[in-house]
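Colleague: First the structure, then my questions, so here it is.
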Amino acid sequence: MPPDPDDIVRLEQVTKIYTPAAKVEVPALRGVSFTIRRGEYVAIVGPSGSGKSTLLNILGCLDRPTSGTYWLDGRNVSELDDDALSDIRGQRIGFVFQSFNLIHTQTVLENLETPLFYQGLRAPQRHALALRLIEKVGLADRGRHFPHELSGGQQQRVAIARALANDPAVLLADEPTGNLDSQTGQMILGLLDQLNADGRTVIIVTHDLNVARHCHRYIEMRDGLIHTEPAA
Ligand SMILES: Nc1ncnc2c1ncn2[C@@H]1O[C@H](COP(=O)(O)OP(=O)(O)OP(=O)(O)O)[C@@H](O)[C@H]1O
Ligand SMILES: [Mg+2]
């Protein structure tokens, strides 16, 4: 059934079975169903190997389910080919990674302008939007610096600005504070809190309960399934 317009993400019985060279099938997701409403702030938590990254890769259109349906912003994206999936990724998803993943040979502004090129914006528009984004994360004075001239927290703020460049339907963050000290991590979480308060749908994968506590809802993975507390 197609989702309600306010359902930004809907998974129906999604499975993911890896068949690596060893030919031993690994059922990483074994039938996962949930809905995330527009503007929600959700943590995906669970022990190592429970399927969090597998789930995030599917949510971020980096990978397809083996079976089941994934609706992203009203569109069934579960059976798209690689090119279509990559288009959707560029248009609808913002990614923030543990290791920032900035381009080290480019300045902060160039890091922000590069993805805008692929959206077909002209140079003056790219520059203007990059300036707005960098201002939004409080680094307006660092545009001409290179990533290695910034602290880890500042680099992550640039990465968040870059993730917002395509005005994504969902912002996905995989352990966004994993490489930061706790105080800097709190600052990054404060920024994500702010983006969510402004209406952005934010999904964070983490095994850190201090991070998860910022979110308004948990999806807890266990052994490829969503874990629900047994009735008391
Ligand atoms: N490319 C792959 N090929 C084969 N098996 C894989 C592959 N990627 C993940 N798996 C397996 O799928 C299961 C889920 O892995 P996943 O990486 O999603 O866990 P995770 O919850 O992100 O763990 P962690 O907290 O350690 O990052 C694990 O058993 C893992 O070994
Ligand atoms: Mg993982």
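How things are named: the first chain in the structure tokens is A, the next is B, and so on; residues count from 1 in each chain; ligands count from 1 in the order shown.
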Could you give me, as an mmCIF file with N, CA and C atoms, in the first residue's frame, the residues within 9 Å of A:Arg30, counting only C-alpha atoms and dropping anything in the same chain fewer than 3 positions from it?

Modeller:
data_model
loop_
_atom_site.group_PDB
_atom_site.id
_atom_site.type_symbol
_atom_site.label_atom_id
_atom_site.label_comp_id
_atom_site.auth_asym_id
_atom_site.auth_seq_id
_atom_site.Cartn_x
_atom_site.Cartn_y
_atom_site.Cartn_z
ATOM 1 N N GLN A 13 8.636 -5.357 5.349
ATOM 2 C CA GLN A 13 9.242 -6.698 5.298
ATOM 3 C C GLN A 13 10.542 -6.717 4.489
ATOM 4 N N VAL A 14 11.434 -5.786 4.809
ATOM 5 C CA VAL A 14 12.693 -5.702 4.069
ATOM 6 C C VAL A 14 13.689 -6.749 4.574
ATOM 7 N N THR A 15 14.256 -7.493 3.626
ATOM 8 C CA THR A 15 15.328 -8.425 3.976
ATOM 9 C C THR A 15 16.570 -8.060 3.174
ATOM 10 N N LYS A 16 17.712 -8.427 3.731
ATOM 11 C CA LYS A 16 18.972 -8.297 2.993
ATOM 12 C C LYS A 16 19.810 -9.522 3.286
ATOM 13 N N ILE A 17 20.088 -10.276 2.239
ATOM 14 C CA ILE A 17 20.914 -11.470 2.389
ATOM 15 C C ILE A 17 22.187 -11.252 1.584
ATOM 16 N N PRO A 27 22.117 -13.666 6.404
ATOM 17 C CA PRO A 27 20.870 -12.893 6.458
ATOM 18 C C PRO A 27 21.032 -11.705 7.413
ATOM 19 N N ASP A 223 20.020 -8.866 15.721
ATOM 20 C CA ASP A 223 20.110 -10.033 14.862
ATOM 21 C C ASP A 223 19.229 -9.916 13.613
ATOM 22 N N GLY A 224 19.260 -8.744 12.976
ATOM 23 C CA GLY A 224 18.560 -8.570 11.707
ATOM 24 C C GLY A 224 17.080 -8.291 11.814
ATOM 25 N N LEU A 225 16.592 -8.118 13.043
ATOM 26 C CA LEU A 225 15.174 -7.815 13.254
ATOM 27 C C LEU A 225 15.041 -6.632 14.197
#

Colleague: Report as an MDAnalysis selection string: the residues of stretch 12-173 of chain A with a DSSP assignment of strand (DSSP E or B), based on the backbone of this structure.

Modeller: chainID A and resid 12:18 26:37 41:45 67:72 75:76 93:96 170:173

Colleague: Neighbours of ligand 1 within 9 Å, counting only C-alpha atoms and all ligand atoms, as a PyMOL selection string?

Modeller: chain A and resi 16-21+24-29+45-57+205-207+221-224

Colleague: Please provide as a list in words all residues within 8 Å of A:Arg126, with the sequence filter that same-chain residues fewer than 3 positions apart are discarded (counting only C-alpha atoms).

Modeller: Glu113, Leu116, Phe117, Leu121, Arg122, Ala123, Leu129 and Ala130 of chain A

Colleague: May I have the residues within 12 Å of stretch 169-171 of chain A as a ChimeraX atom specification, using only C-alpha atoms and disregarding those fewer than 5 positions away in the same chain?

Modeller: /A:6-9,36-43,56,59-61,72-74,88-97,159-164,176,192-193,195-196,199-205

Colleague: Would you compute the distance between atom CA of A:Leu112 and atom CA of A:Val158? Give it in Å to one decimal.

Modeller: 7.8 Å

Colleague: Between atom CA of A:Asp81 and atom CA of A:Leu11, what is the spacing in Å?

Modeller: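 Separation of atom CA of A:Leu11 and atom CA of A:Asp81: 18.3 Å.
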
Colleague: Pick out the closest residue to ligand 2 from this set: A:Leu80, A:Cys215, A:Leu133, A:Ala173. Count only C-alpha atoms and all ligand atoms.

Modeller: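 Residue with the minimum atom-to-atom distance to ligand 2: A:Ala173.
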
Colleague: One number please: atom CA of A:Leu209 to atom CA of A:Leu191, in Å, one decimal.

Modeller: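 Spanning atom CA of A:Leu209 to atom CA of A:Leu191 is a straight-line distance of 17.6 Å.
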